[in-house]
>>> print(open('work.csv').read())   # CSV, N, CA and C atoms
chain,number,residue,atom,x,y,z
T,1,ARG,N,9.0,-3.9,10.5
T,1,ARG,CA,9.3,-3.0,9.5
T,1,ARG,C,10.6,-3.2,8.8
T,2,GLU,N,11.6,-3.4,9.5
T,2,GLU,CA,13.0,-3.6,8.9
T,2,GLU,C,13.0,-4.8,8.0
T,3,ARG,N,12.4,-5.9,8.4
T,3,ARG,CA,12.4,-7.1,7.5
T,3,ARG,C,11.8,-6.8,6.2
T,4,GLU,N,10.7,-6.1,6.1
T,4,GLU,CA,10.0,-5.8,4.8
T,4,GLU,C,11.0,-5.0,3.9
T,5,ARG,N,11.6,-4.0,4.5
T,5,ARG,CA,12.5,-3.2,3.7
T,5,ARG,C,13.7,-4.0,3.2
T,6,GLU,N,14.3,-4.8,4.0
T,6,GLU,CA,15.5,-5.5,3.7
T,6,GLU,C,15.3,-6.5,2.5
T,7,ILE,N,14.2,-7.1,2.4
T,7,ILE,CA,14.0,-8.0,1.3
T,7,ILE,C,13.1,-7.5,0.2
T,8,GLY,N,12.9,-6.2,0.3
T,8,GLY,CA,12.3,-5.5,-0.9
T,8,GLY,C,10.8,-5.7,-1.1
T,9,HIS,N,10.0,-6.1,-0.1
T,9,HIS,CA,8.6,-6.3,-0.3
T,9,HIS,C,7.8,-5.0,-0.7
T,10,HIS,N,8.3,-3.9,-0.2
T,10,HIS,CA,7.7,-2.7,-0.6
T,10,HIS,C,8.8,-1.6,-0.6
T,11,PHE,N,8.5,-0.5,-1.1
T,11,PHE,CA,9.4,0.6,-0.9
T,11,PHE,C,8.8,1.7,-0.1
T,12,ARG,N,9.6,2.2,0.9
T,12,ARG,CA,9.1,3.2,1.8
T,12,ARG,C,9.5,4.5,1.1
T,13,VAL,N,8.5,5.1,0.5
T,13,VAL,CA,8.8,6.2,-0.5
T,13,VAL,C,9.0,7.5,0.2
T,14,CYS,N,8.4,7.8,1.3
T,14,CYS,CA,8.5,9.1,2.0
T,14,CYS,C,8.4,8.9,3.5
T,15,HIS,N,9.2,9.6,4.2
T,15,HIS,CA,9.1,9.6,5.7
T,15,HIS,C,9.5,11.0,6.1
T,16,LEU,N,8.6,11.6,6.9
T,16,LEU,CA,8.8,13.0,7.4
T,16,LEU,C,9.1,13.9,6.2
T,17,SER,N,8.4,13.8,5.1
T,17,SER,CA,8.7,14.6,4.0
T,17,SER,C,7.7,15.8,3.8
T,18,PRO,N,8.2,17.0,3.5
T,18,PRO,CA,7.3,18.1,3.3
T,18,PRO,C,6.6,18.1,1.9
T,19,LEU,N,7.1,17.4,0.9
T,19,LEU,CA,6.5,17.4,-0.4
T,19,LEU,C,7.0,16.2,-1.2
T,20,CYS,N,6.1,15.4,-1.7
T,20,CYS,CA,6.4,14.2,-2.6
T,20,CYS,C,5.4,14.1,-3.7
T,21,GLY,N,5.8,13.8,-4.8
T,21,GLY,CA,4.9,13.5,-5.9
T,21,GLY,C,5.4,12.3,-6.7
T,22,PHE,N,4.5,11.4,-7.1
T,22,PHE,CA,4.9,10.2,-7.9
T,22,PHE,C,4.0,10.1,-9.1
T,23,GLN,N,4.5,9.9,-10.2
T,23,GLN,CA,3.7,9.7,-11.4
T,23,GLN,C,4.0,8.4,-12.1
T,24,GLY,N,2.9,7.7,-12.4
T,24,GLY,CA,3.0,6.5,-13.2
T,24,GLY,C,4.0,5.4,-12.7
T,25,PHE,N,3.7,4.6,-11.7
T,25,PHE,CA,4.5,3.5,-11.4
T,25,PHE,C,3.7,2.3,-11.3
T,26,LYS,N,4.4,1.1,-11.2
T,26,LYS,CA,3.7,-0.2,-11.1
T,26,LYS,C,4.5,-1.1,-10.2
T,27,SER,N,3.9,-2.2,-9.9
T,27,SER,CA,4.6,-3.2,-9.0
T,27,SER,C,4.0,-4.5,-9.2
T,28,GLU,N,4.6,-5.5,-8.5
T,28,GLU,CA,4.0,-6.9,-8.5
T,28,GLU,C,4.1,-7.4,-7.0
T,29,GLY,N,3.6,-8.5,-6.8
T,29,GLY,CA,3.7,-9.1,-5.5
T,29,GLY,C,2.5,-8.9,-4.6
T,30,ASN,N,2.6,-9.4,-3.3
T,30,ASN,CA,1.5,-9.4,-2.4
T,30,ASN,C,1.7,-8.4,-1.2
T,31,TYR,N,2.8,-7.9,-1.1
T,31,TYR,CA,3.1,-6.9,0.0
T,31,TYR,C,2.8,-5.5,-0.4
T,32,ALA,N,2.8,-4.6,0.5
T,32,ALA,CA,2.4,-3.2,0.3
T,32,ALA,C,3.3,-2.6,-0.8
T,33,VAL,N,2.7,-1.9,-1.7
T,33,VAL,CA,3.4,-1.3,-2.8
T,33,VAL,C,4.2,-0.1,-2.3
T,34,GLY,N,3.6,0.8,-1.5
T,34,GLY,CA,4.3,1.9,-1.0
T,34,GLY,C,3.9,2.2,0.4
T,35,TRP,N,4.8,2.9,1.1
T,35,TRP,CA,4.5,3.2,2.5
T,35,TRP,C,4.9,4.6,2.8
T,36,TRP,N,4.0,5.4,3.2
T,36,TRP,CA,4.3,6.8,3.5
T,36,TRP,C,4.0,7.0,5.0
T,37,GLU,N,4.8,7.8,5.7
T,37,GLU,CA,4.7,7.9,7.1
T,37,GLU,C,5.0,9.4,7.5
T,38,ASN,N,4.0,10.0,8.2
T,38,ASN,CA,4.2,11.4,8.7
T,38,ASN,C,4.6,12.3,7.6
T,39,VAL,N,3.8,12.5,6.6
T,39,VAL,CA,4.2,13.3,5.4
T,39,VAL,C,3.2,14.4,5.2
T,40,ARG,N,3.6,15.4,4.4
T,40,ARG,CA,2.7,16.5,4.0
T,40,ARG,C,2.8,16.6,2.5
T,41,ASN,N,1.7,16.9,1.9
T,41,ASN,CA,1.6,17.3,0.4
T,41,ASN,C,2.2,16.1,-0.5
T,42,VAL,N,1.6,15.0,-0.3
T,42,VAL,CA,2.0,13.8,-1.1
T,42,VAL,C,0.9,13.5,-2.1
T,43,THR,N,1.3,13.4,-3.3
T,43,THR,CA,0.3,13.0,-4.4
T,43,THR,C,0.9,11.9,-5.2
T,44,VAL,N,0.1,10.8,-5.4
T,44,VAL,CA,0.4,9.7,-6.3
T,44,VAL,C,-0.5,9.8,-7.5
T,45,TYR,N,0.1,10.1,-8.6
T,45,TYR,CA,-0.7,10.2,-9.9
T,45,TYR,C,-0.5,9.0,-10.7
T,46,GLY,N,-1.4,8.1,-10.7
T,46,GLY,CA,-1.3,6.9,-11.6
T,46,GLY,C,-0.5,5.8,-11.0
T,47,TYR,N,-1.2,4.7,-10.8
T,47,TYR,CA,-0.5,3.4,-10.5
T,47,TYR,C,-1.3,2.3,-11.2
T,48,GLY,N,-0.5,1.4,-11.7
T,48,GLY,CA,-1.1,0.2,-12.3
T,48,GLY,C,-0.1,-0.9,-12.2
T,49,GLY,N,-0.6,-2.1,-12.1
T,49,GLY,CA,0.3,-3.3,-12.0
T,49,GLY,C,-0.5,-4.4,-11.5
T,50,ASN,N,0.2,-5.6,-11.4
T,50,ASN,CA,-0.5,-6.8,-11.0
T,50,ASN,C,-0.2,-7.1,-9.5
T,51,ALA,N,0.2,-6.1,-8.7
T,51,ALA,CA,0.3,-6.4,-7.3
T,51,ALA,C,-1.1,-6.8,-6.8
T,52,CYS,N,-1.1,-7.6,-5.8
T,52,CYS,CA,-2.4,-8.2,-5.2
T,52,CYS,C,-2.2,-8.3,-3.7
T,53,ALA,N,-2.7,-7.4,-3.0
T,53,ALA,CA,-2.5,-7.4,-1.5
T,53,ALA,C,-3.1,-8.7,-0.9
T,54,PHE,N,-2.4,-9.2,0.1
T,54,PHE,CA,-2.9,-10.4,0.8
T,54,PHE,C,-4.3,-10.1,1.3
T,55,GLU,N,-5.0,-11.2,1.7
T,55,GLU,CA,-6.3,-11.1,2.3
T,55,GLU,C,-6.2,-10.2,3.6
T,56,ASN,N,-7.2,-9.5,3.9
T,56,ASN,CA,-7.1,-8.6,5.0
T,56,ASN,C,-7.1,-9.3,6.4
T,57,THR,N,-7.2,-10.6,6.4
T,57,THR,CA,-7.1,-11.3,7.7
T,57,THR,C,-5.7,-11.9,7.8
T,58,THR,N,-4.8,-11.7,6.9
T,58,THR,CA,-3.5,-12.3,6.8
T,58,THR,C,-2.6,-11.7,7.9
T,59,LEU,N,-1.8,-12.5,8.6
T,59,LEU,CA,-0.8,-12.0,9.6
T,59,LEU,C,0.5,-12.2,8.9
T,60,TYR,N,1.4,-11.2,8.9
T,60,TYR,CA,2.7,-11.3,8.3
T,60,TYR,C,3.6,-12.1,9.2
T,61,PRO,N,4.7,-12.7,8.6
T,61,PRO,CA,5.6,-13.5,9.4
T,61,PRO,C,6.3,-12.6,10.5
T,62,PRO,N,6.9,-13.3,11.5
T,62,PRO,CA,7.6,-12.6,12.5
T,62,PRO,C,8.6,-11.6,11.9
T,63,GLY,N,8.8,-10.4,12.5
T,63,GLY,CA,9.7,-9.4,12.0
T,63,GLY,C,9.1,-8.4,11.1
T,64,TYR,N,7.9,-8.6,10.6
T,64,TYR,CA,7.2,-7.7,9.8
T,64,TYR,C,6.2,-6.8,10.6
T,65,ALA,N,6.0,-5.6,10.1
T,65,ALA,CA,5.0,-4.8,10.8
T,65,ALA,C,3.6,-5.4,10.6
T,66,GLN,N,2.9,-5.5,11.7
T,66,GLN,CA,1.6,-6.1,11.6
T,66,GLN,C,0.4,-5.1,11.3
T,67,PHE,N,0.4,-4.7,10.1
T,67,PHE,CA,-0.7,-3.8,9.6
T,67,PHE,C,-1.7,-4.7,8.8
T,68,THR,N,-2.9,-4.2,8.7
T,68,THR,CA,-3.9,-4.9,7.8
T,68,THR,C,-3.3,-4.8,6.4
T,69,PRO,N,-3.2,-5.9,5.7
T,69,PRO,CA,-2.6,-5.9,4.3
T,69,PRO,C,-3.3,-5.0,3.4
T,70,SER,N,-2.6,-4.2,2.5
T,70,SER,CA,-3.2,-3.3,1.6
T,70,SER,C,-2.1,-3.0,0.5
T,71,TRP,N,-2.6,-2.4,-0.6
T,71,TRP,CA,-1.6,-2.0,-1.6
T,71,TRP,C,-0.7,-0.8,-1.1
T,72,PHE,N,-1.4,0.2,-0.5
T,72,PHE,CA,-0.7,1.4,0.0
T,72,PHE,C,-0.9,1.6,1.5
T,73,ARG,N,0.1,2.1,2.2
T,73,ARG,CA,0.0,2.5,3.6
T,73,ARG,C,0.3,3.9,3.8
T,74,VAL,N,-0.5,4.6,4.6
T,74,VAL,CA,-0.2,6.0,5.1
T,74,VAL,C,-0.3,5.9,6.6
T,75,THR,N,0.8,5.8,7.3
T,75,THR,CA,0.8,5.7,8.7
T,75,THR,C,1.4,6.9,9.4
T,76,GLY,N,1.2,6.9,10.7
T,76,GLY,CA,1.7,8.0,11.5
T,76,GLY,C,0.6,9.0,11.9
T,77,ASP,N,0.9,9.9,12.8
T,77,ASP,CA,-0.2,10.8,13.2
T,77,ASP,C,0.1,12.2,12.8
T,78,ARG,N,1.0,12.4,11.8
T,78,ARG,CA,1.3,13.8,11.4
T,78,ARG,C,1.2,13.9,9.8
T,79,ASN,N,0.2,13.2,9.2
T,79,ASN,CA,0.0,13.3,7.8
T,79,ASN,C,-0.9,14.5,7.4
T,80,GLU,N,-0.6,15.2,6.4
T,80,GLU,CA,-1.4,16.3,5.9
T,80,GLU,C,-1.5,16.2,4.4
T,81,ASN,N,-2.7,16.4,3.8
T,81,ASN,CA,-2.8,16.5,2.4
T,81,ASN,C,-2.2,15.4,1.6
T,82,VAL,N,-2.7,14.2,1.8
T,82,VAL,CA,-2.2,13.0,1.1
T,82,VAL,C,-3.3,12.6,0.0
T,83,ARG,N,-2.9,12.5,-1.2
T,83,ARG,CA,-3.8,12.2,-2.3
T,83,ARG,C,-3.3,11.1,-3.2
T,84,PHE,N,-4.3,10.2,-3.6
T,84,PHE,CA,-4.1,9.2,-4.5
T,84,PHE,C,-5.0,9.4,-5.7
T,85,ILE,N,-4.5,9.5,-6.9
T,85,ILE,CA,-5.3,9.9,-8.1
T,85,ILE,C,-5.1,8.8,-9.1
T,86,ASN,N,-6.2,8.2,-9.6
T,86,ASN,CA,-6.1,7.3,-10.7
T,86,ASN,C,-5.2,6.1,-10.4
T,87,THR,N,-5.3,5.5,-9.2
T,87,THR,CA,-4.5,4.4,-8.8
T,87,THR,C,-5.3,3.1,-8.9
T,88,GLN,N,-5.1,2.3,-9.9
T,88,GLN,CA,-5.9,1.2,-10.1
T,88,GLN,C,-5.1,-0.1,-10.2
T,89,ASP,N,-5.6,-1.2,-9.8
T,89,ASP,CA,-4.9,-2.5,-9.8
T,89,ASP,C,-5.4,-3.4,-10.9
T,90,TYR,N,-4.7,-4.4,-11.2
T,90,TYR,CA,-5.1,-5.4,-12.1
T,90,TYR,C,-5.5,-6.6,-11.3
T,91,VAL,N,-6.7,-6.9,-11.2
T,91,VAL,CA,-7.2,-7.9,-10.3
T,91,VAL,C,-6.8,-9.3,-10.8
T,92,ARG,N,-6.2,-10.1,-9.9
T,92,ARG,CA,-5.9,-11.5,-10.2
T,92,ARG,C,-6.5,-12.3,-9.1
T,93,VAL,N,-7.4,-13.2,-9.3
T,93,VAL,CA,-8.1,-13.9,-8.3
T,93,VAL,C,-7.5,-15.3,-8.0
T,94,SER,N,-6.6,-15.7,-8.9
T,94,SER,CA,-6.0,-17.1,-8.7
T,94,SER,C,-4.7,-17.1,-9.4
T,95,GLY,N,-4.0,-18.2,-9.2
T,95,GLY,CA,-2.7,-18.4,-9.9
T,95,GLY,C,-1.6,-17.9,-9.1
T,96,GLY,N,-0.4,-18.3,-9.4
T,96,GLY,CA,0.9,-17.8,-8.8
T,96,GLY,C,1.0,-18.3,-7.4
T,97,ASN,N,2.1,-17.9,-6.7
T,97,ASN,CA,2.3,-18.2,-5.3
T,97,ASN,C,3.2,-17.1,-4.7
T,98,GLU,N,3.3,-17.1,-3.4
T,98,GLU,CA,4.0,-16.0,-2.8
T,98,GLU,C,5.5,-15.8,-3.2
T,99,SER,N,6.1,-16.9,-3.7
T,99,SER,CA,7.5,-16.8,-4.1
T,99,SER,C,7.7,-16.3,-5.5
T,100,ASP,N,6.6,-16.3,-6.3
T,100,ASP,CA,6.7,-15.7,-7.6
T,100,ASP,C,6.9,-14.2,-7.6
T,101,PHE,N,7.5,-13.6,-8.6
T,101,PHE,CA,7.7,-12.2,-8.6
T,101,PHE,C,6.3,-11.5,-8.6
T,102,ALA,N,5.3,-12.0,-9.1
T,102,ALA,CA,4.0,-11.4,-9.1
T,102,ALA,C,3.1,-11.8,-7.9
T,103,GLY,N,3.6,-12.7,-7.1
T,103,GLY,CA,2.8,-13.1,-5.9
T,103,GLY,C,1.7,-14.0,-6.4
T,104,ARG,N,0.7,-14.2,-5.5
T,104,ARG,CA,-0.4,-15.1,-5.8
T,104,ARG,C,-1.7,-14.3,-5.9
T,105,GLY,N,-2.6,-14.8,-6.7
T,105,GLY,CA,-3.9,-14.1,-6.9
T,105,GLY,C,-4.7,-14.1,-5.6
T,106,VAL,N,-5.4,-13.1,-5.3
T,106,VAL,CA,-6.3,-13.0,-4.1
T,106,VAL,C,-7.6,-12.4,-4.6
T,107,ASN,N,-8.7,-12.9,-4.0
T,107,ASN,CA,-10.0,-12.4,-4.3
T,107,ASN,C,-10.1,-11.0,-3.8
T,108,PRO,N,-10.5,-10.0,-4.7
T,108,PRO,CA,-10.5,-8.6,-4.3
T,108,PRO,C,-11.6,-8.3,-3.3
T,109,ALA,N,-12.5,-9.2,-3.1
T,109,ALA,CA,-13.5,-9.0,-2.0
T,109,ALA,C,-12.9,-9.3,-0.6
T,110,LYS,N,-11.6,-9.7,-0.6
T,110,LYS,CA,-11.0,-10.1,0.7
T,110,LYS,C,-9.8,-9.2,1.0
T,111,ASN,N,-9.6,-8.1,0.2
T,111,ASN,CA,-8.4,-7.3,0.6
T,111,ASN,C,-8.8,-5.8,0.4
T,112,ASN,N,-7.9,-5.0,0.9
T,112,ASN,CA,-8.1,-3.5,0.9
T,112,ASN,C,-7.0,-2.8,0.1
T,113,PHE,N,-7.4,-1.7,-0.6
T,113,PHE,CA,-6.6,-1.0,-1.4
T,113,PHE,C,-5.6,-0.1,-0.6
T,114,LEU,N,-6.2,0.6,0.4
T,114,LEU,CA,-5.4,1.6,1.2
T,114,LEU,C,-5.6,1.5,2.7
T,115,LEU,N,-4.5,1.5,3.4
T,115,LEU,CA,-4.5,1.6,4.8
T,115,LEU,C,-4.1,3.0,5.2
T,116,PHE,N,-4.8,3.6,6.1
T,116,PHE,CA,-4.4,5.0,6.5
T,116,PHE,C,-4.7,5.2,8.0
T,117,GLY,N,-4.0,6.1,8.6
T,117,GLY,CA,-4.2,6.4,10.0
T,117,GLY,C,-3.9,5.2,10.9
T,118,ALA,N,-4.7,5.1,11.9
T,118,ALA,CA,-4.5,4.0,12.9
T,118,ALA,C,-5.2,2.8,12.5
T,119,ASN,N,-4.7,2.2,11.4
T,119,ASN,CA,-5.3,0.9,10.9
T,119,ASN,C,-6.7,1.0,10.3
T,120,LYS,N,-7.0,2.2,9.7
T,120,LYS,CA,-8.3,2.3,9.0
T,120,LYS,C,-8.0,1.9,7.6
T,121,THR,N,-9.0,1.4,6.9
T,121,THR,CA,-8.8,1.0,5.5
T,121,THR,C,-10.0,1.5,4.6
T,122,THR,N,-9.7,1.5,3.3
T,122,THR,CA,-10.8,1.7,2.4
T,122,THR,C,-11.5,0.3,2.4
T,123,ALA,N,-12.8,0.4,2.0
T,123,ALA,CA,-13.6,-0.8,2.0
T,123,ALA,C,-13.1,-1.8,1.0
T,124,VAL,N,-13.4,-3.1,1.2
T,124,VAL,CA,-13.0,-4.1,0.2
T,124,VAL,C,-13.8,-3.7,-1.1
T,125,LEU,N,-13.1,-4.0,-2.2
T,125,LEU,CA,-13.6,-3.7,-3.5
T,125,LEU,C,-13.7,-2.3,-3.9
T,126,ASP,N,-13.3,-1.4,-2.9
T,126,ASP,CA,-13.2,0.0,-3.2
T,126,ASP,C,-11.9,0.4,-3.8
T,127,ARG,N,-11.9,0.9,-5.0
T,127,ARG,CA,-10.7,1.4,-5.7
T,127,ARG,C,-10.9,2.8,-6.1
T,128,PRO,N,-10.8,3.7,-5.2
T,128,PRO,CA,-11.2,5.1,-5.5
T,128,PRO,C,-10.3,5.8,-6.6
T,129,VAL,N,-11.0,6.5,-7.5
T,129,VAL,CA,-10.3,7.2,-8.5
T,129,VAL,C,-9.5,8.4,-7.9
T,130,TYR,N,-10.1,8.9,-6.8
T,130,TYR,CA,-9.5,10.1,-6.1
T,130,TYR,C,-9.7,9.8,-4.6
T,131,PHE,N,-8.6,9.8,-3.9
T,131,PHE,CA,-8.7,9.6,-2.4
T,131,PHE,C,-7.8,10.7,-1.8
T,132,SER,N,-8.4,11.4,-0.8
T,132,SER,CA,-7.7,12.5,-0.2
T,132,SER,C,-7.8,12.3,1.3
T,133,TRP,N,-6.7,12.5,2.1
T,133,TRP,CA,-6.8,12.3,3.5
T,133,TRP,C,-5.7,13.1,4.2
T,134,PRO,N,-5.8,13.7,5.3
T,134,PRO,CA,-7.1,14.0,5.9
T,134,PRO,C,-7.7,15.2,5.3
>>> encode(input="work.csv", output="structure tokens")
Amino acid sequence: REREREIGHHFRVCHLSPLCGFQGFKSEGNYAVGWWENVRNVTVYGYGGNACAFENTTLYPPGYAQFTPSWFRVTGDRNENVRFINTQDYVRVSGGNESDFAGRGVNPAKNNFLLFGANKTTAVLDRPVYFSWP
């Protein structure tokens, strides 16, 4: 976990928070866009960008949290009322590389949009307009 934060591969937007709301943000790269852990009443309204999560079989380098790659993560066992609304990606299936600011293209049939709970994910190719959990 610490390695991801120190080199800025994602931003950990909320931890143990009673209320968070995010409107209209974007990102690039192959690592998780945002990571929420043990939160209540979190809503993400609108995401767009050319981030492209690694294939769901990818193992992160040593020092990284070993979760199934996804755009967003909601981890921990104390999450309540977490919603993602109108969060869409710009699919890139080729080009680039991991050291580029935008990362490399990945076939969307091989990655997941959202990881939640104990390593559960949305289905590949599933980009829900509205997702609520639990």
>>> residues_around(input="work.csv", residues="Gly21 (chain T)", least_positions_apart="2", cutoff="6 Å", atoms="all atoms listed in the file", output="ChimeraX atom specification")
/T:19,23,42-44
>>> write_last_selection(input="work.csv", atoms="N, CA and C atoms", output="PDB file, in the coordinates of the input")
ATOM      1  N   LEU T  19       7.100  17.400   0.900  1.00  0.00           N
ATOM      2  CA  LEU T  19       6.500  17.400  -0.400  1.00  0.00           C
ATOM      3  C   LEU T  19       7.000  16.200  -1.200  1.00  0.00           C
ATOM      4  N   GLN T  23       4.500   9.900 -10.200  1.00  0.00           N
ATOM      5  CA  GLN T  23       3.700   9.700 -11.400  1.00  0.00           C
ATOM      6  C   GLN T  23       4.000   8.400 -12.100  1.00  0.00           C
ATOM      7  N   VAL T  42       1.600  15.000  -0.300  1.00  0.00           N
ATOM      8  CA  VAL T  42       2.000  13.800  -1.100  1.00  0.00           C
ATOM      9  C   VAL T  42       0.900  13.500  -2.100  1.00  0.00           C
ATOM     10  N   THR T  43       1.300  13.400  -3.300  1.00  0.00           N
ATOM     11  CA  THR T  43       0.300  13.000  -4.400  1.00  0.00           C
ATOM     12  C   THR T  43       0.900  11.900  -5.200  1.00  0.00           C
ATOM     13  N   VAL T  44       0.100  10.800  -5.400  1.00  0.00           N
ATOM     14  CA  VAL T  44       0.400   9.700  -6.300  1.00  0.00           C
ATOM     15  C   VAL T  44      -0.500   9.800  -7.500  1.00  0.00           C
TER      16      VAL T  44
END
>>> atom_distance(input="work.csv", atom1="atom N of Pro108 (chain T)", atom2="atom N of Leu125 (chain T)")
7.0 Å
>>> closest_residue(input="work.csv", among="T:Lys26, T:Thr121, T:Pro128, T:Asn41", to="Glu80 (chain T)", atoms="all atoms listed in the file")
T:Asn41
>>> residues_near_point(input="work.csv", point="(6.5, -5.0, -7.7)", cutoff="8 Å", atoms="only N, CA and C atoms", output="list in words")
Gly8, His9, His10, Lys26, Ser27, Glu28, Gly29, Asn30, Ala32, Val33, Gly49, Asn50, Ala51, Phe101 and Ala102 of chain T
>>> select_by_dssp(input="work.csv", residues="region 49-125 of chain T", states="strand (DSSP E)", output="PyMOL selection string")
chain T and resi 70-75+80-87+112-116+120-121
>>> write_last_selection(input="work.csv", atoms="N, CA and C atoms", output="compact mmCIF listing (two decimals), in the coordinates of the input")
# COMPACT_ATOMS: atom_id res chain seq x y z
N SER T 70 -2.60 -4.20 2.50
CA SER T 70 -3.20 -3.30 1.60
C SER T 70 -2.10 -3.00 0.50
N TRP T 71 -2.60 -2.40 -0.60
CA TRP T 71 -1.60 -2.00 -1.60
C TRP T 71 -0.70 -0.80 -1.10
N PHE T 72 -1.40 0.20 -0.50
CA PHE T 72 -0.70 1.40 0.00
C PHE T 72 -0.90 1.60 1.50
N ARG T 73 0.10 2.10 2.20
CA ARG T 73 0.00 2.50 3.60
C ARG T 73 0.30 3.90 3.80
N VAL T 74 -0.50 4.60 4.60
CA VAL T 74 -0.20 6.00 5.10
C VAL T 74 -0.30 5.90 6.60
N THR T 75 0.80 5.80 7.30
CA THR T 75 0.80 5.70 8.70
C THR T 75 1.40 6.90 9.40
N GLU T 80 -0.60 15.20 6.40
CA GLU T 80 -1.40 16.30 5.90
C GLU T 80 -1.50 16.20 4.40
N ASN T 81 -2.70 16.40 3.80
CA ASN T 81 -2.80 16.50 2.40
C ASN T 81 -2.20 15.40 1.60
N VAL T 82 -2.70 14.20 1.80
CA VAL T 82 -2.20 13.00 1.10
C VAL T 82 -3.30 12.60 0.00
N ARG T 83 -2.90 12.50 -1.20
CA ARG T 83 -3.80 12.20 -2.30
C ARG T 83 -3.30 11.10 -3.20
N PHE T 84 -4.30 10.20 -3.60
CA PHE T 84 -4.10 9.20 -4.50
C PHE T 84 -5.00 9.40 -5.70
N ILE T 85 -4.50 9.50 -6.90
CA ILE T 85 -5.30 9.90 -8.10
C ILE T 85 -5.10 8.80 -9.10
N ASN T 86 -6.20 8.20 -9.60
CA ASN T 86 -6.10 7.30 -10.70
C ASN T 86 -5.20 6.10 -10.40
N THR T 87 -5.30 5.50 -9.20
CA THR T 87 -4.50 4.40 -8.80
C THR T 87 -5.30 3.10 -8.90
N ASN T 112 -7.90 -5.00 0.90
CA ASN T 112 -8.10 -3.50 0.90
C ASN T 112 -7.00 -2.80 0.10
N PHE T 113 -7.40 -1.70 -0.60
CA PHE T 113 -6.60 -1.00 -1.40
C PHE T 113 -5.60 -0.10 -0.60
N LEU T 114 -6.20 0.60 0.40
CA LEU T 114 -5.40 1.60 1.20
C LEU T 114 -5.60 1.50 2.70
N LEU T 115 -4.50 1.50 3.40
CA LEU T 115 -4.50 1.60 4.80
C LEU T 115 -4.10 3.00 5.20
N PHE T 116 -4.80 3.60 6.10
CA PHE T 116 -4.40 5.00 6.50
C PHE T 116 -4.70 5.20 8.00
N LYS T 120 -7.00 2.20 9.70
CA LYS T 120 -8.30 2.30 9.00
C LYS T 120 -8.00 1.90 7.60
N THR T 121 -9.00 1.40 6.90
CA THR T 121 -8.80 1.00 5.50
C THR T 121 -10.00 1.50 4.60
>>> atom_distance(input="work.csv", atom1="CA of Asn79 (chain T)", atom2="CA of Trp36 (chain T)")
8.9 Å
>>> decode(input="work.csv", residues="region 116-126 of chain T", atoms="N, CA, C and O atoms", output="PDB file, in the first residue's frame")
ATOM      1  N   PHE T 116     -14.538  -4.390  -4.790  1.00  0.00           N
ATOM      2  CA  PHE T 116     -15.210  -4.030  -3.547  1.00  0.00           C
ATOM      3  C   PHE T 116     -15.213  -5.218  -2.604  1.00  0.00           C
ATOM      4  O   PHE T 116     -15.163  -6.369  -3.027  1.00  0.00           O
ATOM      5  N   GLY T 117     -15.261  -4.930  -1.303  1.00  0.00           N
ATOM      6  CA  GLY T 117     -15.279  -5.994  -0.305  1.00  0.00           C
ATOM      7  C   GLY T 117     -14.012  -6.816  -0.311  1.00  0.00           C
ATOM      8  O   GLY T 117     -12.926  -6.317  -0.557  1.00  0.00           O
ATOM      9  N   ALA T 118     -14.181  -8.093  -0.073  1.00  0.00           N
ATOM     10  CA  ALA T 118     -13.044  -9.009   0.030  1.00  0.00           C
ATOM     11  C   ALA T 118     -12.655  -9.518  -1.352  1.00  0.00           C
ATOM     12  O   ALA T 118     -12.835 -10.686  -1.689  1.00  0.00           O
ATOM     13  N   ASN T 119     -12.160  -8.622  -2.183  1.00  0.00           N
ATOM     14  CA  ASN T 119     -11.670  -8.943  -3.525  1.00  0.00           C
ATOM     15  C   ASN T 119     -12.765  -9.400  -4.485  1.00  0.00           C
ATOM     16  O   ASN T 119     -12.539 -10.225  -5.356  1.00  0.00           O
ATOM     17  N   LYS T 120     -13.979  -8.847  -4.340  1.00  0.00           N
ATOM     18  CA  LYS T 120     -15.042  -9.064  -5.317  1.00  0.00           C
ATOM     19  C   LYS T 120     -14.921  -7.954  -6.356  1.00  0.00           C
ATOM     20  O   LYS T 120     -14.495  -6.849  -6.043  1.00  0.00           O
ATOM     21  N   THR T 121     -15.324  -8.244  -7.577  1.00  0.00           N
ATOM     22  CA  THR T 121     -15.218  -7.242  -8.636  1.00  0.00           C
ATOM     23  C   THR T 121     -16.492  -7.204  -9.468  1.00  0.00           C
ATOM     24  O   THR T 121     -17.260  -8.164  -9.503  1.00  0.00           O
ATOM     25  N   THR T 122     -16.676  -6.072 -10.150  1.00  0.00           N
ATOM     26  CA  THR T 122     -17.681  -6.050 -11.198  1.00  0.00           C
ATOM     27  C   THR T 122     -17.175  -6.954 -12.317  1.00  0.00           C
ATOM     28  O   THR T 122     -15.977  -7.207 -12.426  1.00  0.00           O
ATOM     29  N   ALA T 123     -18.078  -7.430 -13.143  1.00  0.00           N
ATOM     30  CA  ALA T 123     -17.701  -8.314 -14.239  1.00  0.00           C
ATOM     31  C   ALA T 123     -16.878  -7.549 -15.277  1.00  0.00           C
ATOM     32  O   ALA T 123     -17.011  -6.333 -15.419  1.00  0.00           O
ATOM     33  N   VAL T 124     -16.025  -8.267 -15.995  1.00  0.00           N
ATOM     34  CA  VAL T 124     -15.301  -7.620 -17.088  1.00  0.00           C
ATOM     35  C   VAL T 124     -16.334  -7.049 -18.063  1.00  0.00           C
ATOM     36  O   VAL T 124     -17.438  -7.579 -18.198  1.00  0.00           O
ATOM     37  N   LEU T 125     -15.992  -5.957 -18.685  1.00  0.00           N
ATOM     38  CA  LEU T 125     -16.840  -5.221 -19.617  1.00  0.00           C
ATOM     39  C   LEU T 125     -18.029  -4.539 -18.955  1.00  0.00           C
ATOM     40  O   LEU T 125     -18.792  -3.852 -19.618  1.00  0.00           O
ATOM     41  N   ASP T 126     -18.214  -4.689 -17.654  1.00  0.00           N
ATOM     42  CA  ASP T 126     -19.327  -4.053 -16.956  1.00  0.00           C
ATOM     43  C   ASP T 126     -18.890  -2.670 -16.480  1.00  0.00           C
ATOM     44  O   ASP T 126     -17.976  -2.541 -15.665  1.00  0.00           O
TER      45      ASP T 126
END
